[in-house]
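Just run29.cif here, mmCIF, N, CA and C atoms and all ligand atoms:
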```cif
data_input
#
loop_
_atom_site.label_atom_id
_atom_site.label_comp_id
_atom_site.auth_asym_id
_atom_site.auth_seq_id
_atom_site.Cartn_x
_atom_site.Cartn_y
_atom_site.Cartn_z
N MET A 5 165.02 -8.83 162.59
CA MET A 5 164.00 -7.96 162.00
C MET A 5 164.59 -7.19 160.82
N SER A 6 165.16 -7.94 159.87
CA SER A 6 165.77 -7.26 158.73
C SER A 6 164.90 -7.35 157.48
N TYR A 7 163.80 -8.12 157.55
CA TYR A 7 162.94 -8.26 156.38
C TYR A 7 162.02 -7.04 156.24
N VAL A 8 162.02 -6.49 155.04
CA VAL A 8 161.18 -5.32 154.77
C VAL A 8 160.15 -5.69 153.70
N PRO A 9 158.87 -5.73 154.07
CA PRO A 9 157.83 -6.08 153.10
C PRO A 9 157.32 -4.85 152.36
N THR A 10 156.92 -5.06 151.12
CA THR A 10 156.19 -4.04 150.38
C THR A 10 154.98 -4.72 149.74
N ILE A 11 153.95 -3.93 149.47
CA ILE A 11 152.71 -4.47 148.91
C ILE A 11 152.59 -4.08 147.44
N ASP A 12 152.29 -5.06 146.60
CA ASP A 12 151.93 -4.78 145.22
C ASP A 12 150.43 -4.43 145.21
N GLU A 13 150.15 -3.14 145.22
CA GLU A 13 148.76 -2.70 145.37
C GLU A 13 147.89 -3.11 144.18
N ALA A 14 148.49 -3.31 143.04
CA ALA A 14 147.72 -3.72 141.86
C ALA A 14 147.25 -5.17 141.99
N SER A 15 147.99 -5.96 142.79
CA SER A 15 147.63 -7.38 142.94
C SER A 15 146.78 -7.64 144.17
N CYS A 16 146.96 -6.85 145.23
CA CYS A 16 146.28 -7.09 146.51
C CYS A 16 144.76 -7.07 146.32
N ILE A 17 144.09 -8.07 146.90
CA ILE A 17 142.63 -8.14 146.82
C ILE A 17 141.98 -7.75 148.16
N GLY A 18 142.80 -7.37 149.13
CA GLY A 18 142.31 -6.73 150.35
C GLY A 18 141.51 -7.62 151.28
N GLN A 19 141.74 -8.92 151.27
CA GLN A 19 140.91 -9.76 152.14
C GLN A 19 141.50 -9.95 153.54
N GLY A 20 142.71 -9.50 153.78
CA GLY A 20 143.18 -9.33 155.15
C GLY A 20 143.95 -10.45 155.82
N ASP A 21 144.33 -11.49 155.11
CA ASP A 21 145.08 -12.57 155.75
C ASP A 21 146.37 -12.06 156.39
N CYS A 22 147.05 -11.14 155.71
CA CYS A 22 148.33 -10.65 156.24
C CYS A 22 148.11 -9.91 157.56
N MET A 23 147.06 -9.11 157.63
CA MET A 23 146.76 -8.36 158.86
C MET A 23 146.35 -9.31 159.98
N ASP A 24 145.61 -10.35 159.66
CA ASP A 24 145.22 -11.32 160.68
C ASP A 24 146.45 -11.97 161.30
N LEU A 25 147.46 -12.23 160.47
CA LEU A 25 148.66 -12.92 160.94
C LEU A 25 149.62 -11.98 161.66
N VAL A 26 149.83 -10.80 161.13
CA VAL A 26 150.80 -9.86 161.72
C VAL A 26 150.21 -8.44 161.73
N PRO A 27 149.28 -8.17 162.66
CA PRO A 27 148.59 -6.88 162.64
C PRO A 27 149.51 -5.68 162.92
N GLY A 28 150.65 -5.92 163.54
CA GLY A 28 151.57 -4.82 163.79
C GLY A 28 152.35 -4.40 162.56
N VAL A 29 152.29 -5.22 161.54
CA VAL A 29 153.06 -4.92 160.31
C VAL A 29 152.13 -4.54 159.16
N PHE A 30 150.99 -5.24 159.05
CA PHE A 30 150.08 -5.01 157.94
C PHE A 30 148.73 -4.52 158.44
N GLN A 31 148.22 -3.48 157.80
CA GLN A 31 146.85 -3.04 158.02
C GLN A 31 146.16 -3.05 156.67
N VAL A 32 144.88 -3.41 156.67
CA VAL A 32 144.16 -3.55 155.42
C VAL A 32 142.88 -2.73 155.46
N ASP A 33 142.73 -1.83 154.52
CA ASP A 33 141.46 -1.16 154.29
C ASP A 33 140.93 -1.75 152.98
N GLU A 34 141.01 -0.98 151.91
CA GLU A 34 140.69 -1.59 150.61
C GLU A 34 141.89 -2.37 150.09
N CYS A 35 143.06 -2.00 150.58
CA CYS A 35 144.29 -2.63 150.15
C CYS A 35 145.21 -2.70 151.38
N ALA A 36 146.12 -3.65 151.37
CA ALA A 36 147.07 -3.75 152.48
C ALA A 36 148.11 -2.64 152.40
N ARG A 37 148.59 -2.23 153.58
CA ARG A 37 149.73 -1.32 153.63
C ARG A 37 150.61 -1.74 154.80
N VAL A 38 151.86 -1.40 154.70
CA VAL A 38 152.83 -1.75 155.73
C VAL A 38 152.85 -0.62 156.76
N VAL A 39 152.63 -0.97 158.04
CA VAL A 39 152.53 0.05 159.09
C VAL A 39 153.59 -0.10 160.17
N GLY A 40 154.44 -1.11 160.06
CA GLY A 40 155.45 -1.28 161.09
C GLY A 40 156.41 -2.39 160.74
N THR A 41 157.19 -2.76 161.74
CA THR A 41 158.13 -3.86 161.55
C THR A 41 157.75 -5.00 162.49
N GLY A 42 158.29 -6.18 162.22
CA GLY A 42 157.98 -7.33 163.04
C GLY A 42 158.97 -8.44 162.80
N PRO A 43 158.75 -9.57 163.44
CA PRO A 43 159.67 -10.70 163.30
C PRO A 43 159.74 -11.19 161.85
N ASP A 44 160.95 -11.50 161.40
CA ASP A 44 161.15 -11.94 160.03
C ASP A 44 160.30 -13.17 159.70
N ASP A 45 160.22 -14.12 160.64
CA ASP A 45 159.50 -15.36 160.33
C ASP A 45 158.01 -15.10 160.14
N LEU A 46 157.45 -14.16 160.88
CA LEU A 46 156.03 -13.86 160.70
C LEU A 46 155.77 -13.08 159.41
N ILE A 47 156.68 -12.20 159.05
CA ILE A 47 156.54 -11.47 157.78
C ILE A 47 156.60 -12.46 156.62
N LEU A 48 157.52 -13.39 156.70
CA LEU A 48 157.62 -14.40 155.64
C LEU A 48 156.37 -15.28 155.60
N ALA A 49 155.85 -15.64 156.76
CA ALA A 49 154.63 -16.46 156.82
C ALA A 49 153.46 -15.71 156.19
N ALA A 50 153.36 -14.42 156.46
CA ALA A 50 152.28 -13.63 155.87
C ALA A 50 152.41 -13.58 154.35
N ALA A 51 153.62 -13.40 153.87
CA ALA A 51 153.83 -13.36 152.43
C ALA A 51 153.44 -14.69 151.78
N ARG A 52 153.76 -15.78 152.46
CA ARG A 52 153.42 -17.10 151.92
C ARG A 52 151.92 -17.35 151.97
N GLU A 53 151.24 -16.75 152.94
CA GLU A 53 149.79 -16.91 153.06
C GLU A 53 149.02 -16.10 152.03
N CYS A 54 149.62 -15.03 151.54
CA CYS A 54 148.91 -14.15 150.61
C CYS A 54 148.49 -14.94 149.36
N PRO A 55 147.21 -14.95 149.05
CA PRO A 55 146.72 -15.80 147.96
C PRO A 55 147.13 -15.30 146.57
N VAL A 56 147.60 -14.06 146.49
CA VAL A 56 147.95 -13.51 145.17
C VAL A 56 149.41 -13.05 145.08
N GLU A 57 150.22 -13.48 146.06
CA GLU A 57 151.64 -13.11 146.09
C GLU A 57 151.85 -11.60 145.95
N ALA A 58 151.06 -10.84 146.70
CA ALA A 58 151.15 -9.38 146.63
C ALA A 58 152.19 -8.82 147.60
N ILE A 59 152.78 -9.69 148.44
CA ILE A 59 153.76 -9.21 149.42
C ILE A 59 155.16 -9.62 148.96
N ARG A 60 155.98 -8.60 148.77
CA ARG A 60 157.37 -8.81 148.37
C ARG A 60 158.24 -8.50 149.57
N ILE A 61 159.28 -9.28 149.78
CA ILE A 61 160.16 -9.06 150.93
C ILE A 61 161.59 -8.91 150.46
N VAL A 62 162.25 -7.88 150.96
CA VAL A 62 163.67 -7.68 150.72
C VAL A 62 164.38 -7.70 152.08
N ASP A 63 165.53 -8.35 152.12
CA ASP A 63 166.36 -8.36 153.33
C ASP A 63 167.16 -7.07 153.35
N SER A 64 166.90 -6.22 154.32
CA SER A 64 167.54 -4.90 154.34
C SER A 64 169.04 -5.00 154.63
N GLU A 65 169.49 -6.12 155.17
CA GLU A 65 170.92 -6.26 155.46
C GLU A 65 171.70 -6.66 154.22
N THR A 66 171.10 -7.49 153.38
CA THR A 66 171.82 -7.98 152.20
C THR A 66 171.34 -7.32 150.91
N GLY A 67 170.14 -6.74 150.94
CA GLY A 67 169.56 -6.17 149.75
C GLY A 67 168.91 -7.20 148.84
N GLU A 68 168.95 -8.45 149.25
CA GLU A 68 168.41 -9.52 148.41
C GLU A 68 166.91 -9.66 148.59
N GLN A 69 166.23 -10.02 147.48
CA GLN A 69 164.81 -10.32 147.56
C GLN A 69 164.63 -11.70 148.17
N VAL A 70 163.85 -11.76 149.24
CA VAL A 70 163.62 -13.02 149.96
C VAL A 70 162.39 -13.74 149.45
N TYR A 71 161.37 -12.95 149.07
CA TYR A 71 160.11 -13.54 148.61
C TYR A 71 159.42 -12.56 147.68
N PRO A 72 158.76 -12.98 146.61
CA PRO A 72 158.65 -14.37 146.16
C PRO A 72 159.93 -14.77 145.42
S1 LIG B 101 147.15 -11.26 152.25
FE1 LIG B 101 147.75 -10.41 150.24
S2 LIG B 101 145.82 -10.04 149.16
FE2 LIG B 101 145.31 -10.29 151.32
S3 LIG B 101 145.30 -8.17 152.13
FE3 LIG B 101 147.37 -9.02 152.48
S4 LIG B 101 148.57 -8.38 150.69
FE4 LIG B 101 146.41 -8.13 150.15
#
```
What does the file become when written as structure tokens?
Amino acid sequence: MSYVPTIDEASCIGQGDCMDLVPGVFQVDECARVVGTGPDDLILAAARECPVEAIRIVDSETGEQVYP
């Protein structure tokens, strides 16, 4: 659980795919926001599902950007 997602609010279109996939990490009103932590593989899957690449992931252990 070292992946830390952030949302590009200017890009997010708020349709909720990330919340559907990982509701413990993403909540969506008009825009997605990060509300918790979760398994790295599910966070990465949510980022890949996002139709506008609004989810950025950094590995908190290495500091490296994992996605996109
Ligand atoms: S999947 Fe992407 S566009 Fe959709 S709510 Fe989540 S961050 Fe926003």
Of the listed residues A:Pro27, A:Gly40, A:Pro55, A:Pro9, that which approaches ligand LIG 101 (chain B) most closely, counting all atoms listed in the file: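 Result for the nearest residue to ligand LIG 101 (chain B): A:Pro55.
Across the model, the gap from atom S4 of ligand LIG 101 (chain B) to atom N of Ala58 of chain A is 5.3 Å.
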Would you list the residues that come within 6.5 Å of ligand LIG 101 (chain B)? Count all atoms listed in the file and give the answer as a list in words.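 Checking all atoms listed in the file against ligand LIG 101 (chain B) at 6.5 Å gives Ile11, Asp12, Ser15, Cys16, Ile17, Gly18, Gln19, Gly20, Asp21, Cys22, Met23, Val32, Cys35, Ala36, Ala50, Glu53, Cys54, Pro55, Val56, Glu57, Ala58 and Ile59 of chain A.
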Pull N, CA and C atoms from the residues just selected and write them as a PDB file, in the frame of the given file.
```pdb
ATOM      1  N   ILE A  11     153.950  -3.930 149.470  1.00  0.00           N
ATOM      2  CA  ILE A  11     152.710  -4.470 148.910  1.00  0.00           C
ATOM      3  C   ILE A  11     152.590  -4.080 147.440  1.00  0.00           C
ATOM      4  N   ASP A  12     152.290  -5.060 146.600  1.00  0.00           N
ATOM      5  CA  ASP A  12     151.930  -4.780 145.220  1.00  0.00           C
ATOM      6  C   ASP A  12     150.430  -4.430 145.210  1.00  0.00           C
ATOM      7  N   SER A  15     147.990  -5.960 142.790  1.00  0.00           N
ATOM      8  CA  SER A  15     147.630  -7.380 142.940  1.00  0.00           C
ATOM      9  C   SER A  15     146.780  -7.640 144.170  1.00  0.00           C
ATOM     10  N   CYS A  16     146.960  -6.850 145.230  1.00  0.00           N
ATOM     11  CA  CYS A  16     146.280  -7.090 146.510  1.00  0.00           C
ATOM     12  C   CYS A  16     144.760  -7.070 146.320  1.00  0.00           C
ATOM     13  N   ILE A  17     144.090  -8.070 146.900  1.00  0.00           N
ATOM     14  CA  ILE A  17     142.630  -8.140 146.820  1.00  0.00           C
ATOM     15  C   ILE A  17     141.980  -7.750 148.160  1.00  0.00           C
ATOM     16  N   GLY A  18     142.800  -7.370 149.130  1.00  0.00           N
ATOM     17  CA  GLY A  18     142.310  -6.730 150.350  1.00  0.00           C
ATOM     18  C   GLY A  18     141.510  -7.620 151.280  1.00  0.00           C
ATOM     19  N   GLN A  19     141.740  -8.920 151.270  1.00  0.00           N
ATOM     20  CA  GLN A  19     140.910  -9.760 152.140  1.00  0.00           C
ATOM     21  C   GLN A  19     141.500  -9.950 153.540  1.00  0.00           C
ATOM     22  N   GLY A  20     142.710  -9.500 153.780  1.00  0.00           N
ATOM     23  CA  GLY A  20     143.180  -9.330 155.150  1.00  0.00           C
ATOM     24  C   GLY A  20     143.950 -10.450 155.820  1.00  0.00           C
ATOM     25  N   ASP A  21     144.330 -11.490 155.110  1.00  0.00           N
ATOM     26  CA  ASP A  21     145.080 -12.570 155.750  1.00  0.00           C
ATOM     27  C   ASP A  21     146.370 -12.060 156.390  1.00  0.00           C
ATOM     28  N   CYS A  22     147.050 -11.140 155.710  1.00  0.00           N
ATOM     29  CA  CYS A  22     148.330 -10.650 156.240  1.00  0.00           C
ATOM     30  C   CYS A  22     148.110  -9.910 157.560  1.00  0.00           C
ATOM     31  N   MET A  23     147.060  -9.110 157.630  1.00  0.00           N
ATOM     32  CA  MET A  23     146.760  -8.360 158.860  1.00  0.00           C
ATOM     33  C   MET A  23     146.350  -9.310 159.980  1.00  0.00           C
ATOM     34  N   VAL A  32     144.880  -3.410 156.670  1.00  0.00           N
ATOM     35  CA  VAL A  32     144.160  -3.550 155.420  1.00  0.00           C
ATOM     36  C   VAL A  32     142.880  -2.730 155.460  1.00  0.00           C
ATOM     37  N   CYS A  35     143.060  -2.000 150.580  1.00  0.00           N
ATOM     38  CA  CYS A  35     144.290  -2.630 150.150  1.00  0.00           C
ATOM     39  C   CYS A  35     145.210  -2.700 151.380  1.00  0.00           C
ATOM     40  N   ALA A  36     146.120  -3.650 151.370  1.00  0.00           N
ATOM     41  CA  ALA A  36     147.070  -3.750 152.480  1.00  0.00           C
ATOM     42  C   ALA A  36     148.110  -2.640 152.400  1.00  0.00           C
ATOM     43  N   ALA A  50     153.360 -14.420 156.460  1.00  0.00           N
ATOM     44  CA  ALA A  50     152.280 -13.630 155.870  1.00  0.00           C
ATOM     45  C   ALA A  50     152.410 -13.580 154.350  1.00  0.00           C
ATOM     46  N   GLU A  53     151.240 -16.750 152.940  1.00  0.00           N
ATOM     47  CA  GLU A  53     149.790 -16.910 153.060  1.00  0.00           C
ATOM     48  C   GLU A  53     149.020 -16.100 152.030  1.00  0.00           C
ATOM     49  N   CYS A  54     149.620 -15.030 151.540  1.00  0.00           N
ATOM     50  CA  CYS A  54     148.910 -14.150 150.610  1.00  0.00           C
ATOM     51  C   CYS A  54     148.490 -14.940 149.360  1.00  0.00           C
ATOM     52  N   PRO A  55     147.210 -14.950 149.050  1.00  0.00           N
ATOM     53  CA  PRO A  55     146.720 -15.800 147.960  1.00  0.00           C
ATOM     54  C   PRO A  55     147.130 -15.300 146.570  1.00  0.00           C
ATOM     55  N   VAL A  56     147.600 -14.060 146.490  1.00  0.00           N
ATOM     56  CA  VAL A  56     147.950 -13.510 145.170  1.00  0.00           C
ATOM     57  C   VAL A  56     149.410 -13.050 145.080  1.00  0.00           C
ATOM     58  N   GLU A  57     150.220 -13.480 146.060  1.00  0.00           N
ATOM     59  CA  GLU A  57     151.640 -13.110 146.090  1.00  0.00           C
ATOM     60  C   GLU A  57     151.850 -11.600 145.950  1.00  0.00           C
ATOM     61  N   ALA A  58     151.060 -10.840 146.700  1.00  0.00           N
ATOM     62  CA  ALA A  58     151.150  -9.380 146.630  1.00  0.00           C
ATOM     63  C   ALA A  58     152.190  -8.820 147.600  1.00  0.00           C
ATOM     64  N   ILE A  59     152.780  -9.690 148.440  1.00  0.00           N
ATOM     65  CA  ILE A  59     153.760  -9.210 149.420  1.00  0.00           C
ATOM     66  C   ILE A  59     155.160  -9.620 148.960  1.00  0.00           C
TER      67      ILE A  59
END
```
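Our summary of the geometry notes that atom C of Glu34 of chain A is positioned 17.0 Å from atom C of Ala51 of chain A.
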Could you check which residues have any atom within 9 Å of (163.8, -7.4, 161.0), counting only C-alpha atoms with coordinates taken straight from the file, and then list them as a PyMOL selection string? chain A and resi 5-8+41-44+47+63-64
Per DSSP on the backbone, what are the alpha helix (DSSP H) residues of chain A, as a ChimeraX atom specification? /A:21-25,44-53
Expressed in Å, the length from atom CA of Thr66 of chain A to atom CA of Asp24 of chain A is 28.1 Å
Output, as JSON, the centre and edge lengths in Å (one decimal) of the axis-aligned box that contains all listed atoms of segment 23-32 of chain A with 5 Å of margin on each side.
```
{"center_x": 148.0, "center_y": -7.8, "center_z": 159.6, "size_x": 20.2, "size_y": 20.2, "size_z": 18.4}
```
List every residue of chain A that DSSP, applied to the backbone of this structure, assigns to strand (DSSP E or B), and report them as a ChimeraX atom specification. /A:7-11,30-32,36-38,59-63,69-71
